[in-house]
file start19.cif (mmCIF, C-alpha atoms)
data_input
loop_
_atom_site.group_PDB
_atom_site.id
_atom_site.type_symbol
_atom_site.label_atom_id
_atom_site.label_comp_id
_atom_site.auth_asym_id
_atom_site.auth_seq_id
_atom_site.Cartn_x
_atom_site.Cartn_y
_atom_site.Cartn_z
ATOM 1 C CA MET A 1 0.000 0.000 0.000
ATOM 2 C CA ASN A 2 1.595 3.296 -1.077
ATOM 3 C CA SER A 3 1.573 6.469 1.011
ATOM 4 C CA GLY A 4 -1.242 8.010 -1.029
ATOM 5 C CA MET A 5 -3.479 5.023 -0.448
ATOM 6 C CA ASP A 6 -2.527 5.052 3.221
ATOM 7 C CA TRP A 7 -3.955 8.548 3.553
ATOM 8 C CA VAL A 8 -7.133 7.603 1.710
ATOM 9 C CA VAL A 9 -7.795 4.619 3.977
ATOM 10 C CA ALA A 10 -6.778 6.415 7.180
ATOM 11 C CA GLY A 11 -8.872 9.483 6.409
ATOM 12 C CA TRP A 12 -12.093 7.619 5.712
ATOM 13 C CA LEU A 13 -11.696 5.201 8.622
ATOM 14 C CA LEU A 14 -10.983 8.078 10.984
ATOM 15 C CA GLY A 15 -14.162 9.722 9.732
ATOM 16 C CA PHE A 16 -16.127 6.543 10.422
ATOM 17 C CA ALA A 17 -14.624 6.310 13.911
ATOM 18 C CA ALA A 18 -15.431 9.981 14.546
ATOM 19 C CA VAL A 19 -19.104 9.454 13.662
ATOM 20 C CA ASN A 20 -19.391 6.548 16.099
ATOM 21 C CA ALA A 21 -17.524 8.484 18.775
ATOM 22 C CA GLY A 22 -19.954 11.363 18.261
ATOM 23 C CA LEU A 23 -22.916 9.023 18.604
ATOM 24 C CA GLY A 24 -21.435 7.619 21.792
ATOM 25 C CA ALA A 25 -20.918 11.114 23.202
ATOM 26 C CA ALA A 26 -24.514 12.050 22.295
ATOM 27 C CA TRP A 27 -25.856 8.945 24.046
ATOM 28 C CA TRP A 28 -23.724 9.657 27.117
ATOM 29 C CA TRP A 29 -24.982 13.239 27.321
ATOM 30 C CA ARG A 30 -28.647 12.400 26.749
ATOM 31 C CA THR A 31 -28.687 9.648 29.380
ATOM 32 C CA ARG A 32 -26.827 11.518 32.124
ATOM 33 C CA ASP A 33 -29.956 11.925 34.274
ATOM 34 C CA GLU A 34 -30.907 8.279 33.771
ATOM 35 C CA ARG A 35 -27.461 7.084 34.759
ATOM 36 C CA LYS A 36 -27.627 9.309 37.841
ATOM 37 C CA PHE A 37 -30.942 7.669 38.806
ATOM 38 C CA LEU A 38 -29.574 4.173 38.231
ATOM 39 C CA SER A 39 -26.440 4.888 40.246
ATOM 40 C CA GLY A 40 -28.669 5.494 43.255
ATOM 41 C CA VAL A 41 -30.702 2.341 42.782
ATOM 42 C CA ARG A 42 -29.428 -1.116 43.597
ATOM 43 C CA ALA A 43 -31.183 -3.293 41.046
ATOM 44 C CA VAL A 44 -31.173 -6.335 43.342
ATOM 45 C CA ASP A 45 -33.189 -4.347 45.896
ATOM 46 C CA ALA A 46 -35.491 -2.673 43.377
ATOM 47 C CA ASP A 47 -38.902 -1.542 44.566
ATOM 48 C CA PRO A 48 -41.373 -4.070 43.068
ATOM 49 C CA ILE A 49 -43.903 -1.405 42.032
ATOM 50 C CA GLN A 50 -41.238 0.709 40.369
ATOM 51 C CA ALA A 51 -39.799 -2.464 38.857
ATOM 52 C CA ALA A 52 -43.233 -3.371 37.483
ATOM 53 C CA TRP A 53 -43.476 0.053 35.854
ATOM 54 C CA TRP A 54 -40.188 -0.563 34.062
ATOM 55 C CA LEU A 55 -40.963 -4.149 33.028
ATOM 56 C CA GLY A 56 -44.406 -3.287 31.646
ATOM 57 C CA GLY A 57 -45.599 -6.888 31.835
ATOM 58 C CA SER A 58 -44.773 -10.356 33.079
ATOM 59 C CA TRP A 59 -43.415 -11.493 29.703
ATOM 60 C CA ASN A 60 -39.991 -10.571 28.354
ATOM 61 C CA SER A 61 -41.203 -8.771 25.234
ATOM 62 C CA ALA A 62 -43.601 -6.431 27.055
ATOM 63 C CA SER A 63 -43.238 -2.714 26.358
ATOM 64 C CA PRO A 64 -41.652 -0.855 29.287
ATOM 65 C CA GLN A 65 -43.321 1.833 31.402
ATOM 66 C CA GLN A 66 -46.850 0.386 31.398
ATOM 67 C CA GLU A 67 -49.163 1.680 34.118
ATOM 68 C CA ARG A 68 -51.415 -1.361 34.017
ATOM 69 C CA TYR A 69 -48.745 -3.830 35.102
ATOM 70 C CA ALA A 70 -47.653 -1.529 37.928
ATOM 71 C CA ALA A 71 -51.268 -1.416 39.136
ATOM 72 C CA GLU A 72 -51.593 -5.197 38.858
ATOM 73 C CA VAL A 73 -48.478 -5.713 40.973
ATOM 74 C CA ALA A 74 -49.703 -3.200 43.574
ATOM 75 C CA VAL A 75 -53.035 -5.043 43.817
ATOM 76 C CA SER A 76 -51.264 -8.401 44.067
ATOM 77 C CA LEU A 77 -49.066 -7.105 46.889
ATOM 78 C CA LEU A 78 -52.168 -5.940 48.745
ATOM 79 C CA ILE A 79 -53.794 -9.360 48.324
ATOM 80 C CA LEU A 80 -50.658 -11.149 49.486
ATOM 81 C CA ALA A 81 -50.667 -8.984 52.615
ATOM 82 C CA GLU A 82 -54.280 -10.144 53.135
ATOM 83 C CA ASP A 83 -55.434 -6.522 53.193
ATOM 84 C CA ALA A 84 -57.651 -7.077 50.150
ATOM 85 C CA GLY A 85 -59.514 -9.881 48.446
ATOM 86 C CA ILE A 86 -60.445 -10.445 44.831
ATOM 87 C CA ASP A 87 -63.444 -12.387 43.581
ATOM 88 C CA SER A 88 -63.773 -14.493 40.450
ATOM 89 C CA ASP A 89 -65.011 -11.474 38.482
ATOM 90 C CA GLY A 90 -61.863 -9.533 39.339
ATOM 91 C CA ARG A 91 -63.444 -7.138 41.831
ATOM 92 C CA ILE A 92 -61.082 -6.095 44.627
ATOM 93 C CA THR A 93 -62.440 -5.332 48.087
ATOM 94 C CA VAL A 94 -61.017 -4.660 51.528
ATOM 95 C CA PRO A 95 -62.215 -7.255 54.100
ATOM 96 C CA PRO A 96 -64.065 -5.841 57.118
ATOM 97 C CA GLY A 97 -61.793 -5.078 60.004
ATOM 98 C CA ARG A 98 -58.601 -4.815 57.936
ATOM 99 C CA LEU A 99 -56.852 -1.537 58.686
ATOM 100 C CA GLY A 100 -54.334 -1.923 55.899
ATOM 101 C CA ARG A 101 -51.741 0.411 57.363
ATOM 102 C CA HIS A 102 -48.920 0.501 54.847
ATOM 103 C CA GLY A 103 -45.766 2.541 54.735
ATOM 104 C CA ASP A 104 -45.900 2.354 50.954
ATOM 105 C CA PRO A 105 -47.892 5.374 49.671
ATOM 106 C CA VAL A 106 -49.251 3.430 46.709
ATOM 107 C CA LEU A 107 -50.651 0.602 48.835
ATOM 108 C CA ALA A 108 -51.924 3.039 51.463
ATOM 109 C CA ALA A 109 -53.819 5.043 48.830
ATOM 110 C CA LEU A 110 -55.136 1.844 47.289
ATOM 111 C CA VAL A 111 -56.530 0.512 50.584
ATOM 112 C CA THR A 112 -58.113 3.855 51.442
ATOM 113 C CA LEU A 113 -59.843 4.269 48.096
ATOM 114 C CA LEU A 114 -61.004 0.663 47.869
ATOM 115 C CA ARG A 115 -62.579 0.976 51.307
ATOM 116 C CA LEU A 116 -64.122 4.367 50.461
ATOM 117 C CA HIS A 117 -65.663 3.222 47.166
ATOM 118 C CA LYS A 118 -66.578 -0.303 48.264
ATOM 119 C CA GLY A 119 -64.155 -2.018 45.894
ATOM 120 C CA ALA A 120 -63.087 -1.751 42.265
ATOM 121 C CA THR A 121 -61.416 -3.635 39.436
ATOM 122 C CA VAL A 122 -57.922 -2.863 38.177
ATOM 123 C CA TYR A 123 -59.535 -1.479 35.021
ATOM 124 C CA GLU A 124 -61.558 0.964 37.147
ATOM 125 C CA LEU A 125 -58.474 1.928 39.129
ATOM 126 C CA LEU A 126 -56.869 3.014 35.874
ATOM 127 C CA THR A 127 -59.848 4.735 34.241
ATOM 128 C CA ASP A 128 -62.384 5.864 36.846
ATOM 129 C CA PRO A 129 -62.054 9.517 37.978
ATOM 130 C CA ARG A 130 -62.717 8.385 41.563
ATOM 131 C CA PHE A 131 -59.276 6.758 41.627
ATOM 132 C CA GLU A 132 -57.295 9.704 40.250
ATOM 133 C CA ARG A 133 -55.412 9.951 43.544
ATOM 134 C CA PHE A 134 -54.229 6.359 43.217
ATOM 135 C CA ARG A 135 -53.050 6.934 39.644
ATOM 136 C CA LYS A 136 -51.172 10.060 40.712
ATOM 137 C CA VAL A 137 -49.341 8.253 43.507
ATOM 138 C CA LEU A 138 -48.684 5.270 41.232
ATOM 139 C CA GLY A 139 -47.286 7.553 38.530
ATOM 140 C CA SER A 140 -44.808 9.029 40.988
ATOM 141 C CA ARG A 141 -43.109 5.613 41.106
ATOM 142 C CA ARG A 142 -42.434 5.500 37.388
ATOM 143 C CA PRO A 143 -38.663 5.296 36.807
ATOM 144 C CA PRO A 144 -37.264 8.333 34.936
ATOM 145 C CA LEU A 145 -35.931 6.188 32.103
ATOM 146 C CA ARG A 146 -36.498 6.260 28.355
ATOM 147 C CA LYS A 147 -38.550 3.395 26.954
ATOM 148 C CA TRP A 148 -36.314 2.721 23.945
ATOM 149 C CA PHE A 149 -32.581 2.850 23.361
ATOM 150 C CA GLY A 150 -32.827 5.483 20.623
ATOM 151 C CA TYR A 151 -31.814 5.998 17.010
ATOM 152 C CA TYR A 152 -28.087 5.351 16.907
ATOM 153 C CA ARG A 153 -27.744 2.250 14.761
ATOM 154 C CA VAL A 154 -29.182 3.832 11.597
ATOM 155 C CA PRO A 155 -26.697 6.753 11.591
ATOM 156 C CA ALA A 156 -23.859 4.292 12.267
ATOM 157 C CA LEU A 157 -24.931 2.053 9.365
ATOM 158 C CA THR A 158 -25.275 5.098 7.129
ATOM 159 C CA ALA A 159 -21.758 6.145 8.090
ATOM 160 C CA ALA A 160 -20.536 2.644 7.206
ATOM 161 C CA PHE A 161 -22.102 2.898 3.740
ATOM 162 C CA VAL A 162 -20.713 6.387 3.103
ATOM 163 C CA THR A 163 -17.261 5.374 4.332
ATOM 164 C CA ALA A 164 -17.036 2.248 2.159
ATOM 165 C CA PHE A 165 -18.422 3.908 -0.972
ATOM 166 C CA GLY A 166 -16.486 7.128 -0.435
ATOM 167 C CA MET A 167 -13.188 5.328 0.167
ATOM 168 C CA ALA A 168 -13.617 3.228 -2.969
ATOM 169 C CA LEU A 169 -14.581 6.212 -5.121
ATOM 170 C CA HIS A 170 -11.735 8.277 -3.691
ATOM 171 C CA ALA A 171 -9.228 5.496 -4.443
ATOM 172 C CA MET A 172 -10.559 5.076 -7.990
ATOM 173 C CA LEU A 173 -10.303 8.803 -8.712
ATOM 174 C CA MET A 174 -6.750 8.799 -7.344
ATOM 175 C CA ARG A 175 -5.979 5.742 -9.548
ATOM 176 C CA HIS A 176 -4.993 3.592 -6.545
ATOM 177 C CA ALA A 177 -5.194 -0.159 -7.010
ATOM 178 C CA VAL A 178 -6.905 -2.402 -4.479
ATOM 179 C CA PRO A 179 -4.240 -3.501 -1.954
ATOM 180 C CA GLY A 180 -3.462 -7.206 -2.115
ATOM 181 C CA LEU A 181 -4.806 -7.834 -5.617
ATOM 182 C CA PRO A 182 -2.369 -8.770 -8.375
ATOM 183 C CA ASP A 183 -4.374 -6.782 -10.908
ATOM 184 C CA SER A 184 -3.546 -3.109 -10.450
ATOM 185 C CA THR A 185 -6.729 -1.911 -12.186
ATOM 186 C CA PRO A 186 -8.503 0.670 -9.940
ATOM 187 C CA GLY A 187 -11.834 -0.508 -11.327
ATOM 188 C CA TRP A 188 -11.805 -3.397 -8.844
ATOM 189 C CA TRP A 189 -12.934 -0.880 -6.247
ATOM 190 C CA ALA A 190 -16.381 -0.983 -7.858
ATOM 191 C CA THR A 191 -16.749 -4.505 -6.435
ATOM 192 C CA VAL A 192 -14.483 -4.465 -3.398
ATOM 193 C CA TRP A 193 -16.354 -1.609 -1.718
ATOM 194 C CA ILE A 194 -19.322 -3.922 -1.072
ATOM 195 C CA GLY A 195 -17.192 -6.237 1.061
ATOM 196 C CA LEU A 196 -15.735 -3.239 2.854
ATOM 197 C CA TRP A 197 -19.255 -1.978 3.539
ATOM 198 C CA ALA A 198 -20.225 -5.370 4.987
ATOM 199 C CA VAL A 199 -17.279 -5.254 7.407
ATOM 200 C CA LEU A 200 -18.007 -1.704 8.552
ATOM 201 C CA ALA A 201 -21.744 -2.440 8.800
ATOM 202 C CA ALA A 202 -20.988 -5.349 11.143
ATOM 203 C CA VAL A 203 -19.150 -2.907 13.396
ATOM 204 C CA ALA A 204 -22.009 -0.381 13.212
ATOM 205 C CA ALA A 205 -24.532 -3.124 14.045
ATOM 206 C CA LEU A 206 -22.966 -3.397 17.500
ATOM 207 C CA TRP A 207 -25.208 -0.475 18.405
ATOM 208 C CA PRO A 208 -28.443 -1.804 19.971
ATOM 209 C CA GLN A 209 -31.621 -1.750 17.907
ATOM 210 C CA GLU A 210 -33.542 1.502 18.045
ATOM 211 C CA LEU A 211 -36.616 0.060 19.777
ATOM 212 C CA SER A 212 -34.767 -2.253 22.142
ATOM 213 C CA ARG A 213 -35.125 -1.772 25.902
ATOM 214 C CA PRO A 214 -32.095 -0.020 27.418
ATOM 215 C CA TRP A 215 -30.443 -0.742 30.761
ATOM 216 C CA PRO A 216 -30.451 -4.576 30.703
ATOM 217 C CA ARG A 217 -28.810 -4.902 34.128
ATOM 218 C CA PHE A 218 -31.562 -2.846 35.748
ATOM 219 C CA THR A 219 -34.152 -4.879 33.831
ATOM 220 C CA ARG A 220 -32.775 -8.148 35.201
ATOM 221 C CA GLY A 221 -32.852 -6.744 38.716
ATOM 222 C CA CYS A 222 -36.454 -5.617 38.235
ATOM 223 C CA ARG A 223 -37.537 -9.088 37.114
ATOM 224 C CA THR A 224 -35.896 -10.552 40.198
ATOM 225 C CA ALA A 225 -37.569 -7.992 42.476
ATOM 226 C CA VAL A 226 -41.067 -8.597 41.100
ATOM 227 C CA ALA A 227 -40.649 -12.379 41.117
ATOM 228 C CA ARG A 228 -39.473 -12.299 44.730
ATOM 229 C CA ALA A 229 -42.285 -9.966 45.846
ATOM 230 C CA LEU A 230 -44.993 -12.082 44.199
ATOM 231 C CA ALA A 231 -43.498 -15.470 45.028
ATOM 232 C CA GLY A 232 -46.410 -16.307 47.305
ATOM 233 C CA ALA A 233 -49.155 -15.439 44.815
ATOM 234 C CA SER A 234 -51.260 -18.377 43.664
ATOM 235 C CA PRO A 235 -52.004 -18.980 39.964
ATOM 236 C CA ASP A 236 -55.675 -18.346 40.697
ATOM 237 C CA THR A 237 -54.890 -14.934 42.177
ATOM 238 C CA SER A 238 -52.811 -14.044 39.127
ATOM 239 C CA ARG A 239 -55.648 -15.118 36.862
ATOM 240 C CA ARG A 240 -58.195 -13.044 38.764
ATOM 241 C CA VAL A 241 -55.945 -9.966 38.714
ATOM 242 C CA SER A 242 -55.561 -10.400 34.955
ATOM 243 C CA ILE A 243 -59.350 -10.572 34.581
ATOM 244 C CA SER A 244 -59.653 -7.487 36.767
ATOM 245 C CA SER A 245 -57.430 -5.431 34.463
ATOM 246 C CA SER A 246 -59.360 -6.309 31.304
ATOM 247 C CA LYS A 247 -61.912 -3.931 29.871
ATOM 248 C CA PRO A 248 -65.377 -5.284 30.678
ATOM 249 C CA SER A 249 -67.716 -6.086 27.819
ATOM 250 C CA ASP A 250 -70.626 -4.686 29.817
ATOM 251 C CA PRO A 251 -70.795 -1.680 32.151
ATOM 252 C CA PRO A 252 -69.294 -2.684 35.524
ATOM 253 C CA THR A 253 -71.753 -3.256 38.335
ATOM 254 C CA SER A 254 -71.515 -1.293 41.544
ATOM 255 C CA THR A 255 -71.869 -4.356 43.766
ATOM 256 C CA VAL A 256 -70.150 -7.710 43.954
ATOM 257 C CA VAL A 257 -72.118 -10.653 42.559
ATOM 258 C CA ALA A 258 -73.660 -12.581 45.427
ATOM 259 C CA ASP A 259 -72.159 -15.950 44.586
ATOM 260 C CA SER A 260 -68.657 -14.560 43.973
ATOM 261 C CA GLN A 261 -66.806 -14.918 47.221
ATOM 262 C CA PRO A 262 -63.773 -12.650 47.760
ATOM 263 C CA LEU A 263 -60.457 -14.414 47.643
ATOM 264 C CA ALA A 264 -58.371 -13.152 50.522
ATOM 265 C CA GLY A 265 -54.659 -13.583 50.376
ATOM 266 C CA GLY A 266 -54.805 -15.309 47.001
ATOM 267 C CA ASP A 267 -56.231 -18.631 48.267
#

call {"tool": "encode", "arguments": {"input": "start19.cif", "output": "structure tokens"}}
result
Amino acid sequence: MNSGMDWVVAGWLLGFAAVNAGLGAAWWWRTRDERKFLSGVRAVDADPIQAAWWLGGSWNSASPQQERYAAEVAVSLLILAEDAGIDSDGRITVPPGRLGRHGDPVLAALVTLLRLHKGATVYELLTDPRFERFRKVLGSRRPPLRKWFGYYRVPALTAAFVTAFGMALHAMLMRHAVPGLPDSTPGWWATVWIGLWAVLAAVAALWPQELSRPWPRFTRGCRTAVARALAGASPDTSRRVSISSSKPSDPPTSTVVADSQPLAGGD
């Protein structure tokens, strides 16, 4: 490789590296508040309600920051503490005589409002104006994190394409042969640039996908926290909570059906 070709290769590769360095600096700047929040949170001791907000659902592919799952976990925690029961129709009520004194503001607000309004479903907790206070307290537990990683891979892949094509065109115009080929014809660059693009694109693809969930370590800790907090929940309780969060096909009744006995403590 002659000195002229050295400068062509070095210049374009430095440009490609500069683009990726700029993307990295942009990501670091934009996530400074999120990293500050995460530095103060030990993922292994994550708050289960806040963790549920971030997870968005019990399955791995759920979208993050979903209010419904946070409400479902809060209700499940209340049932596990035996401060609420849930019937087969998904209606949540506070058993007579249960004070439900909780240090957690979300659970305290939930007990108070359920007792005041003689019960509710999770769907009503999330939509009924009577439970606005609960939604406000629940929303205060939402982690200050972005839902998606962000658009960094596309600019990096674009830079890979421009670098490969630009380097090849630059070398052709300067009449530089492809290094390592016995044929000194510069026209080989018209084919070689595709392989060069594939190599650079593989490097650019190391950036996470745009719509992927960021902060995987925190996510793992959140899954552990929710699983540990709900370890005592029965499958039947989980099923009833799921029914409770679904939109009813008919207008919800104001009283519990007579033959639907509340399920206290998930049993």

call {"tool": "residues_around", "arguments": {"input": "start19.cif", "residues": "A:Ala109", "least_positions_apart": "5", "cutoff": "10 Å", "atoms": "only C-alpha atoms", "output": "ChimeraX atom specification"}}
result
/A:100-102,104,114-115,131,133-138

call {"tool": "resolve_selection", "arguments": {"input": "start19.cif", "expression": "the PyMOL selection byres ((chain A and resi 33-35) around 12)", "output": "PyMOL selection string"}}
result
chain A and resi 27-32+36-41+143-147+149+214-215+218

call {"tool": "write_last_selection", "arguments": {"input": "start19.cif", "atoms": "C-alpha atoms", "output": "mmCIF file, in the frame of the given file"}}
result
data_model
loop_
_atom_site.group_PDB
_atom_site.id
_atom_site.type_symbol
_atom_site.label_atom_id
_atom_site.label_comp_id
_atom_site.auth_asym_id
_atom_site.auth_seq_id
_atom_site.Cartn_x
_atom_site.Cartn_y
_atom_site.Cartn_z
ATOM 1 C CA TRP A 27 -25.856 8.945 24.046
ATOM 2 C CA TRP A 28 -23.724 9.657 27.117
ATOM 3 C CA TRP A 29 -24.982 13.239 27.321
ATOM 4 C CA ARG A 30 -28.647 12.400 26.749
ATOM 5 C CA THR A 31 -28.687 9.648 29.380
ATOM 6 C CA ARG A 32 -26.827 11.518 32.124
ATOM 7 C CA LYS A 36 -27.627 9.309 37.841
ATOM 8 C CA PHE A 37 -30.942 7.669 38.806
ATOM 9 C CA LEU A 38 -29.574 4.173 38.231
ATOM 10 C CA SER A 39 -26.440 4.888 40.246
ATOM 11 C CA GLY A 40 -28.669 5.494 43.255
ATOM 12 C CA VAL A 41 -30.702 2.341 42.782
ATOM 13 C CA PRO A 143 -38.663 5.296 36.807
ATOM 14 C CA PRO A 144 -37.264 8.333 34.936
ATOM 15 C CA LEU A 145 -35.931 6.188 32.103
ATOM 16 C CA ARG A 146 -36.498 6.260 28.355
ATOM 17 C CA LYS A 147 -38.550 3.395 26.954
ATOM 18 C CA PHE A 149 -32.581 2.850 23.361
ATOM 19 C CA PRO A 214 -32.095 -0.020 27.418
ATOM 20 C CA TRP A 215 -30.443 -0.742 30.761
ATOM 21 C CA PHE A 218 -31.562 -2.846 35.748
#

call {"tool": "closest_residue", "arguments": {"input": "start19.cif", "among": "A:Arg240, A:Arg220, A:His170, A:His176", "to": "A:Ala51", "atoms": "all atoms listed in the file"}}
result
A:Arg220

call {"tool": "resolve_selection", "arguments": {"input": "start19.cif", "expression": "the PyMOL selection byres ((chain A and resi 111) around 12)", "output": "ChimeraX atom specification"}}
result
/A:74-75,77-79,81-85,92-96,98-110,112-120,125,131,133-134

call {"tool": "closest_residue", "arguments": {"input": "start19.cif", "among": "A:Ser246, A:Arg142, A:Ala171, A:Asp236", "to": "A:Asp47", "atoms": "only C-alpha atoms"}}
result
A:Arg142

call {"tool": "closest_residue", "arguments": {"input": "start19.cif", "among": "A:Arg153, A:Arg68, A:Arg223, A:Lys247", "to": "A:Gly139", "atoms": "only C-alpha atoms"}}
result
A:Arg68

call {"tool": "resolve_selection", "arguments": {"input": "start19.cif", "expression": "the PyMOL selection byres ((chain A and resi 210) around 12)", "output": "PDB file with C-alpha atoms, in the coordinates of the input"}}
result
ATOM      1  CA  ARG A 146     -36.498   6.260  28.355  1.00  0.00           C
ATOM      2  CA  LYS A 147     -38.550   3.395  26.954  1.00  0.00           C
ATOM      3  CA  TRP A 148     -36.314   2.721  23.945  1.00  0.00           C
ATOM      4  CA  PHE A 149     -32.581   2.850  23.361  1.00  0.00           C
ATOM      5  CA  GLY A 150     -32.827   5.483  20.623  1.00  0.00           C
ATOM      6  CA  TYR A 151     -31.814   5.998  17.010  1.00  0.00           C
ATOM      7  CA  TYR A 152     -28.087   5.351  16.907  1.00  0.00           C
ATOM      8  CA  ARG A 153     -27.744   2.250  14.761  1.00  0.00           C
ATOM      9  CA  VAL A 154     -29.182   3.832  11.597  1.00  0.00           C
ATOM     10  CA  PRO A 155     -26.697   6.753  11.591  1.00  0.00           C
ATOM     11  CA  ALA A 156     -23.859   4.292  12.267  1.00  0.00           C
ATOM     12  CA  ALA A 205     -24.532  -3.124  14.045  1.00  0.00           C
ATOM     13  CA  LEU A 206     -22.966  -3.397  17.500  1.00  0.00           C
ATOM     14  CA  TRP A 207     -25.208  -0.475  18.405  1.00  0.00           C
ATOM     15  CA  PRO A 208     -28.443  -1.804  19.971  1.00  0.00           C
ATOM     16  CA  GLN A 209     -31.621  -1.750  17.907  1.00  0.00           C
ATOM     17  CA  LEU A 211     -36.616   0.060  19.777  1.00  0.00           C
ATOM     18  CA  SER A 212     -34.767  -2.253  22.142  1.00  0.00           C
ATOM     19  CA  ARG A 213     -35.125  -1.772  25.902  1.00  0.00           C
ATOM     20  CA  PRO A 214     -32.095  -0.020  27.418  1.00  0.00           C
TER      21      PRO A 214
END

call {"tool": "atom_distance", "arguments": {"input": "start19.cif", "atom1": "atom CA of A:Cys222", "atom2": "atom CA of A:Ser245"}}
result
21.3 Å

call {"tool": "decode", "arguments": {"input": "start19.cif", "residues": "stretch 148-166 of chain A", "atoms": "N, CA and C atoms", "output": "CSV table (one decimal), in the first residue's frame"}}
result
chain,number,residue,atom,x,y,z
A,148,TRP,N,-37.1,3.4,25.0
A,148,TRP,CA,-36.3,2.7,23.9
A,148,TRP,C,-34.9,3.2,23.9
A,149,PHE,N,-34.0,2.5,23.4
A,149,PHE,CA,-32.6,2.8,23.4
A,149,PHE,C,-32.4,4.1,22.6
A,150,GLY,N,-33.0,4.3,21.4
A,150,GLY,CA,-32.8,5.5,20.6
A,150,GLY,C,-32.2,5.2,19.3
A,151,TYR,N,-32.2,6.2,18.4
A,151,TYR,CA,-31.8,6.0,17.0
A,151,TYR,C,-30.3,6.3,16.8
A,152,TYR,N,-29.5,5.3,17.1
A,152,TYR,CA,-28.1,5.4,16.9
A,152,TYR,C,-27.6,4.4,15.9
A,153,ARG,N,-28.2,3.2,15.7
A,153,ARG,CA,-27.7,2.2,14.8
A,153,ARG,C,-27.9,2.7,13.3
A,154,VAL,N,-29.0,3.4,13.0
A,154,VAL,CA,-29.2,3.8,11.6
A,154,VAL,C,-28.1,4.8,11.2
A,155,PRO,N,-27.8,5.9,12.0
A,155,PRO,CA,-26.7,6.8,11.6
A,155,PRO,C,-25.4,6.0,11.5
A,156,ALA,N,-25.1,5.0,12.3
A,156,ALA,CA,-23.9,4.3,12.3
A,156,ALA,C,-23.8,3.5,11.0
A,157,LEU,N,-24.9,2.8,10.6
A,157,LEU,CA,-24.9,2.1,9.4
A,157,LEU,C,-24.8,3.0,8.1
A,158,THR,N,-25.4,4.1,8.2
A,158,THR,CA,-25.3,5.1,7.1
A,158,THR,C,-23.8,5.5,7.0
A,159,ALA,N,-23.2,5.8,8.1
A,159,ALA,CA,-21.8,6.1,8.1
A,159,ALA,C,-20.9,5.0,7.5
A,160,ALA,N,-21.3,3.8,7.8
A,160,ALA,CA,-20.5,2.6,7.2
A,160,ALA,C,-20.7,2.6,5.7
A,161,PHE,N,-21.9,2.9,5.2
A,161,PHE,CA,-22.1,2.9,3.7
A,161,PHE,C,-21.3,4.0,3.1
A,162,VAL,N,-21.4,5.2,3.7
A,162,VAL,CA,-20.7,6.4,3.1
A,162,VAL,C,-19.2,6.2,3.1
A,163,THR,N,-18.7,5.6,4.2
A,163,THR,CA,-17.3,5.4,4.3
A,163,THR,C,-16.8,4.4,3.3
A,164,ALA,N,-17.5,3.3,3.1
A,164,ALA,CA,-17.0,2.2,2.2
A,164,ALA,C,-17.1,2.8,0.7
A,165,PHE,N,-18.2,3.4,0.4
A,165,PHE,CA,-18.4,3.9,-1.0
A,165,PHE,C,-17.5,5.1,-1.2
A,166,GLY,N,-17.4,6.0,-0.3
A,166,GLY,CA,-16.5,7.1,-0.4
A,166,GLY,C,-15.0,6.7,-0.6
